[in-house]
>>> print(open('input-v8.tsv').read())   # TSV, N, CA and C atoms
chain	number	residue	atom	x	y	z
S	1	MET	N	10.15	-1.29	-12.88
S	1	MET	CA	9.73	-0.18	-12.06
S	1	MET	C	9.73	1.07	-12.92
S	2	SER	N	8.76	1.91	-12.70
S	2	SER	CA	8.62	3.14	-13.45
S	2	SER	C	9.52	4.23	-12.88
S	3	THR	N	10.05	5.07	-13.77
S	3	THR	CA	10.88	6.19	-13.32
S	3	THR	C	10.19	7.51	-13.59
S	4	ASN	N	8.90	7.46	-13.92
S	4	ASN	CA	8.15	8.69	-14.17
S	4	ASN	C	8.05	9.51	-12.89
S	5	THR	N	8.06	10.83	-13.06
S	5	THR	CA	7.88	11.69	-11.89
S	5	THR	C	6.43	12.15	-11.84
S	6	LEU	N	6.00	12.53	-10.65
S	6	LEU	CA	4.63	12.99	-10.48
S	6	LEU	C	4.48	14.39	-11.05
S	7	SER	N	3.32	14.65	-11.61
S	7	SER	CA	3.02	16.01	-12.06
S	7	SER	C	2.87	16.90	-10.83
S	8	THR	N	2.96	18.19	-11.04
S	8	THR	CA	2.79	19.15	-9.94
S	8	THR	C	1.41	18.98	-9.32
S	9	GLU	N	0.40	18.77	-10.15
S	9	GLU	CA	-0.96	18.58	-9.65
S	9	GLU	C	-1.05	17.33	-8.78
S	10	ALA	N	-0.44	16.23	-9.23
S	10	ALA	CA	-0.46	14.99	-8.46
S	10	ALA	C	0.28	15.16	-7.13
S	11	GLN	N	1.40	15.86	-7.15
S	11	GLN	CA	2.14	16.12	-5.92
S	11	GLN	C	1.30	16.93	-4.94
S	12	THR	N	0.61	17.94	-5.47
S	12	THR	CA	-0.25	18.78	-4.63
S	12	THR	C	-1.38	17.96	-4.02
S	13	ARG	N	-2.01	17.13	-4.84
S	13	ARG	CA	-3.12	16.30	-4.34
S	13	ARG	C	-2.63	15.30	-3.30
S	14	LEU	N	-1.45	14.71	-3.53
S	14	LEU	CA	-0.90	13.75	-2.58
S	14	LEU	C	-0.55	14.44	-1.26
S	15	ALA	N	0.07	15.61	-1.34
S	15	ALA	CA	0.40	16.37	-0.13
S	15	ALA	C	-0.87	16.76	0.61
S	16	ASP	N	-1.88	17.20	-0.12
S	16	ASP	CA	-3.15	17.58	0.49
S	16	ASP	C	-3.80	16.37	1.17
S	17	PHE	N	-3.74	15.23	0.52
S	17	PHE	CA	-4.32	14.00	1.07
S	17	PHE	C	-3.69	13.68	2.42
S	18	PHE	N	-2.36	13.71	2.49
S	18	PHE	CA	-1.68	13.35	3.73
S	18	PHE	C	-1.67	14.47	4.76
S	19	ASN	N	-1.87	15.71	4.33
S	19	ASN	CA	-1.93	16.82	5.28
S	19	ASN	C	-3.32	17.01	5.86
S	20	ASN	N	-4.36	16.66	5.08
S	20	ASN	CA	-5.73	16.97	5.50
S	20	ASN	C	-6.67	15.78	5.64
S	21	THR	N	-6.26	14.62	5.16
S	21	THR	CA	-7.18	13.48	5.17
S	21	THR	C	-6.75	12.38	6.11
S	22	ILE	N	-5.51	11.91	5.97
S	22	ILE	CA	-5.03	10.80	6.78
S	22	ILE	C	-3.54	10.98	7.04
S	23	ASP	N	-3.12	10.62	8.23
S	23	ASP	CA	-1.72	10.68	8.61
S	23	ASP	C	-0.96	9.57	7.86
S	24	PRO	N	0.24	9.84	7.35
S	24	PRO	CA	0.99	8.81	6.64
S	24	PRO	C	1.21	7.53	7.45
S	25	GLU	N	1.47	7.66	8.75
S	25	GLU	CA	1.66	6.47	9.57
S	25	GLU	C	0.37	5.67	9.70
S	26	GLU	N	-0.76	6.36	9.82
S	26	GLU	CA	-2.05	5.67	9.88
S	26	GLU	C	-2.34	4.96	8.55
S	27	MET	N	-2.01	5.62	7.45
S	27	MET	CA	-2.19	5.01	6.13
S	27	MET	C	-1.33	3.77	5.98
S	28	SER	N	-0.08	3.84	6.43
S	28	SER	CA	0.80	2.68	6.31
S	28	SER	C	0.29	1.52	7.16
S	29	ARG	N	-0.27	1.81	8.34
S	29	ARG	CA	-0.86	0.75	9.16
S	29	ARG	C	-2.06	0.13	8.46
S	30	ALA	N	-2.90	0.96	7.84
S	30	ALA	CA	-4.08	0.45	7.12
S	30	ALA	C	-3.66	-0.43	5.95
S	31	ILE	N	-2.62	-0.02	5.24
S	31	ILE	CA	-2.12	-0.82	4.11
S	31	ILE	C	-1.63	-2.17	4.61
S	32	ARG	N	-0.86	-2.15	5.68
S	32	ARG	CA	-0.34	-3.42	6.22
S	32	ARG	C	-1.46	-4.33	6.72
S	33	LYS	N	-2.47	-3.76	7.36
S	33	LYS	CA	-3.61	-4.56	7.82
S	33	LYS	C	-4.32	-5.21	6.64
S	34	LEU	N	-4.54	-4.41	5.58
S	34	LEU	CA	-5.21	-4.95	4.39
S	34	LEU	C	-4.38	-6.06	3.76
S	35	ASN	N	-3.07	-5.85	3.64
S	35	ASN	CA	-2.20	-6.88	3.07
S	35	ASN	C	-2.25	-8.15	3.90
S	36	TYR	N	-2.30	-8.01	5.22
S	36	TYR	CA	-2.37	-9.17	6.12
S	36	TYR	C	-3.67	-9.95	5.88
S	37	ILE	N	-4.78	-9.23	5.80
S	37	ILE	CA	-6.08	-9.87	5.58
S	37	ILE	C	-6.12	-10.58	4.24
S	38	ILE	N	-5.59	-9.93	3.21
S	38	ILE	CA	-5.56	-10.54	1.88
S	38	ILE	C	-4.69	-11.80	1.89
S	39	ALA	N	-3.53	-11.71	2.52
S	39	ALA	CA	-2.63	-12.87	2.59
S	39	ALA	C	-3.31	-14.03	3.32
S	40	LEU	N	-4.00	-13.75	4.43
S	40	LEU	CA	-4.70	-14.81	5.15
S	40	LEU	C	-5.79	-15.44	4.29
S	41	GLY	N	-6.52	-14.60	3.56
S	41	GLY	CA	-7.57	-15.11	2.70
S	41	GLY	C	-7.03	-16.07	1.65
S	42	ILE	N	-5.88	-15.74	1.09
S	42	ILE	CA	-5.28	-16.60	0.08
S	42	ILE	C	-4.76	-17.89	0.71
S	43	LEU	N	-4.09	-17.75	1.87
S	43	LEU	CA	-3.57	-18.93	2.55
S	43	LEU	C	-4.69	-19.89	2.93
S	44	ARG	N	-5.83	-19.34	3.25
S	44	ARG	CA	-6.97	-20.17	3.64
S	44	ARG	C	-7.80	-20.60	2.43
S	45	GLU	N	-7.29	-20.26	1.26
S	45	GLU	CA	-7.88	-20.67	-0.02
S	45	GLU	C	-9.29	-20.14	-0.24
S	46	ASP	N	-9.50	-18.88	0.07
S	46	ASP	CA	-10.77	-18.22	-0.22
S	46	ASP	C	-10.93	-18.19	-1.74
S	47	ALA	N	-12.06	-18.67	-2.24
S	47	ALA	CA	-12.27	-18.81	-3.68
S	47	ALA	C	-12.19	-17.48	-4.43
S	48	THR	N	-12.81	-16.44	-3.88
S	48	THR	CA	-12.80	-15.14	-4.56
S	48	THR	C	-11.39	-14.59	-4.65
S	49	LEU	N	-10.66	-14.64	-3.55
S	49	LEU	CA	-9.30	-14.12	-3.55
S	49	LEU	C	-8.39	-14.96	-4.44
S	50	LYS	N	-8.60	-16.26	-4.45
S	50	LYS	CA	-7.76	-17.15	-5.26
S	50	LYS	C	-7.91	-16.84	-6.75
S	51	ASN	N	-9.10	-16.47	-7.19
S	51	ASN	CA	-9.33	-16.13	-8.59
S	51	ASN	C	-8.58	-14.88	-9.01
S	52	GLU	N	-8.28	-14.02	-8.08
S	52	GLU	CA	-7.61	-12.75	-8.36
S	52	GLU	C	-6.15	-12.75	-7.91
S	53	LEU	N	-5.55	-13.92	-7.79
S	53	LEU	CA	-4.21	-14.06	-7.22
S	53	LEU	C	-3.17	-13.18	-7.90
S	54	MET	N	-3.13	-13.14	-9.22
S	54	MET	CA	-2.12	-12.33	-9.93
S	54	MET	C	-2.29	-10.85	-9.61
S	55	ASN	N	-3.52	-10.36	-9.62
S	55	ASN	CA	-3.77	-8.95	-9.29
S	55	ASN	C	-3.41	-8.65	-7.83
S	56	ILE	N	-3.71	-9.60	-6.96
S	56	ILE	CA	-3.41	-9.41	-5.54
S	56	ILE	C	-1.91	-9.36	-5.31
S	57	GLU	N	-1.16	-10.24	-5.96
S	57	GLU	CA	0.30	-10.24	-5.81
S	57	GLU	C	0.89	-8.91	-6.25
S	58	TYR	N	0.45	-8.40	-7.38
S	58	TYR	CA	0.94	-7.13	-7.90
S	58	TYR	C	0.59	-5.99	-6.94
S	59	SER	N	-0.64	-5.95	-6.51
S	59	SER	CA	-1.08	-4.89	-5.60
S	59	SER	C	-0.40	-4.99	-4.24
S	60	PHE	N	-0.21	-6.20	-3.75
S	60	PHE	CA	0.45	-6.43	-2.48
S	60	PHE	C	1.85	-5.82	-2.48
S	61	PHE	N	2.61	-6.06	-3.54
S	61	PHE	CA	3.97	-5.52	-3.65
S	61	PHE	C	3.96	-4.00	-3.60
S	62	TRP	N	3.13	-3.38	-4.42
S	62	TRP	CA	3.14	-1.92	-4.51
S	62	TRP	C	2.56	-1.25	-3.27
S	63	LEU	N	1.58	-1.87	-2.63
S	63	LEU	CA	1.06	-1.31	-1.39
S	63	LEU	C	2.12	-1.37	-0.29
S	64	ASN	N	2.89	-2.44	-0.25
S	64	ASN	CA	3.99	-2.52	0.71
S	64	ASN	C	5.05	-1.47	0.43
S	65	GLU	N	5.35	-1.24	-0.84
S	65	GLU	CA	6.32	-0.20	-1.20
S	65	GLU	C	5.84	1.16	-0.72
S	66	LEU	N	4.56	1.46	-0.93
S	66	LEU	CA	4.00	2.73	-0.48
S	66	LEU	C	4.04	2.83	1.04
S	67	ALA	N	3.71	1.75	1.73
S	67	ALA	CA	3.74	1.74	3.19
S	67	ALA	C	5.15	2.02	3.70
S	68	GLU	N	6.16	1.46	3.06
S	68	GLU	CA	7.54	1.69	3.48
S	68	GLU	C	7.96	3.14	3.25
S	69	ILE	N	7.47	3.75	2.20
S	69	ILE	CA	7.79	5.16	1.93
S	69	ILE	C	7.12	6.04	2.97
S	70	LEU	N	5.87	5.73	3.30
S	70	LEU	CA	5.12	6.55	4.25
S	70	LEU	C	5.69	6.45	5.66
S	71	ASN	N	6.04	5.25	6.05
S	71	ASN	CA	6.55	5.02	7.40
S	71	ASN	C	7.32	3.70	7.41
S	72	PRO	N	8.64	3.78	7.28
S	72	PRO	CA	9.44	2.53	7.22
S	72	PRO	C	9.18	1.65	8.44
S	73	TYR	N	8.85	0.41	8.15
S	73	TYR	CA	8.52	-0.56	9.19
S	73	TYR	C	9.76	-0.91	10.01
S	74	LEU	N	10.88	-1.10	9.31
S	74	LEU	CA	12.14	-1.40	9.98
S	74	LEU	C	13.00	-0.14	9.97
S	75	ASN	N	12.94	0.59	11.06
S	75	ASN	CA	13.68	1.84	11.16
S	75	ASN	C	15.11	1.55	11.60
S	76	LEU	N	16.07	2.18	10.97
S	76	LEU	CA	17.48	1.92	11.27
S	76	LEU	C	18.00	2.69	12.47
S	77	GLU	N	17.17	3.43	13.15
S	77	GLU	CA	17.62	4.22	14.30
S	77	GLU	C	17.99	3.34	15.46
>>> encode(input="input-v8.tsv", output="structure tokens")
Amino acid sequence: MSTNTLSTEAQTRLADFFNNTIDPEEMSRAIRKLNYIIALGILREDATLKNELMNIEYSFFWLNELAEILNPYLNLE
């Protein structure tokens, strides 16, 4: 895992994205929906998705991490 911090410009762009483009909770739902569709495609042995399995696994992990940061799925409240 990387320990690099975001540049001020990247922080500003990320804040602008979530303040003016999409709500973080909506983004986390979209990420989870995409991950679900990708997982189903692989389970059903879709040829295109199967060829990209390593890339999909890597992306799946990091998209889930981002979704958890944006809106934790399992809230401890």
>>> residues_around(input="input-v8.tsv", residues="region 35-46 of chain S", least_positions_apart="4", cutoff="8 Å", atoms="all atoms listed in the file", output="JSON, numbers by chain")
{"S": [29, 30, 31, 50, 51, 53, 56, 59, 60, 63, 64]}
>>> closest_residue(input="input-v8.tsv", among="S:Ala67, S:Pro72, S:Asn19, S:Asn55", to="Arg32 (chain S)", atoms="all atoms listed in the file")
S:Ala67
>>> atom_distance(input="input-v8.tsv", atom1="atom N of Ser7 (chain S)", atom2="CA of Trp62 (chain S)")
18.0 Å
>>> atom_distance(input="input-v8.tsv", atom1="atom N of Leu70 (chain S)", atom2="atom N of Ala15 (chain S)")
12.4 Å
>>> axis_aligned_box(input="input-v8.tsv", around="region 55-66 of chain S", padding_each_side="6 Å", output="AutoDock Vina command-line options")
--center_x 1.3 --center_y -3.8 --center_z -4.3 --size_x 22.1 --size_y 25.2 --size_z 22.7
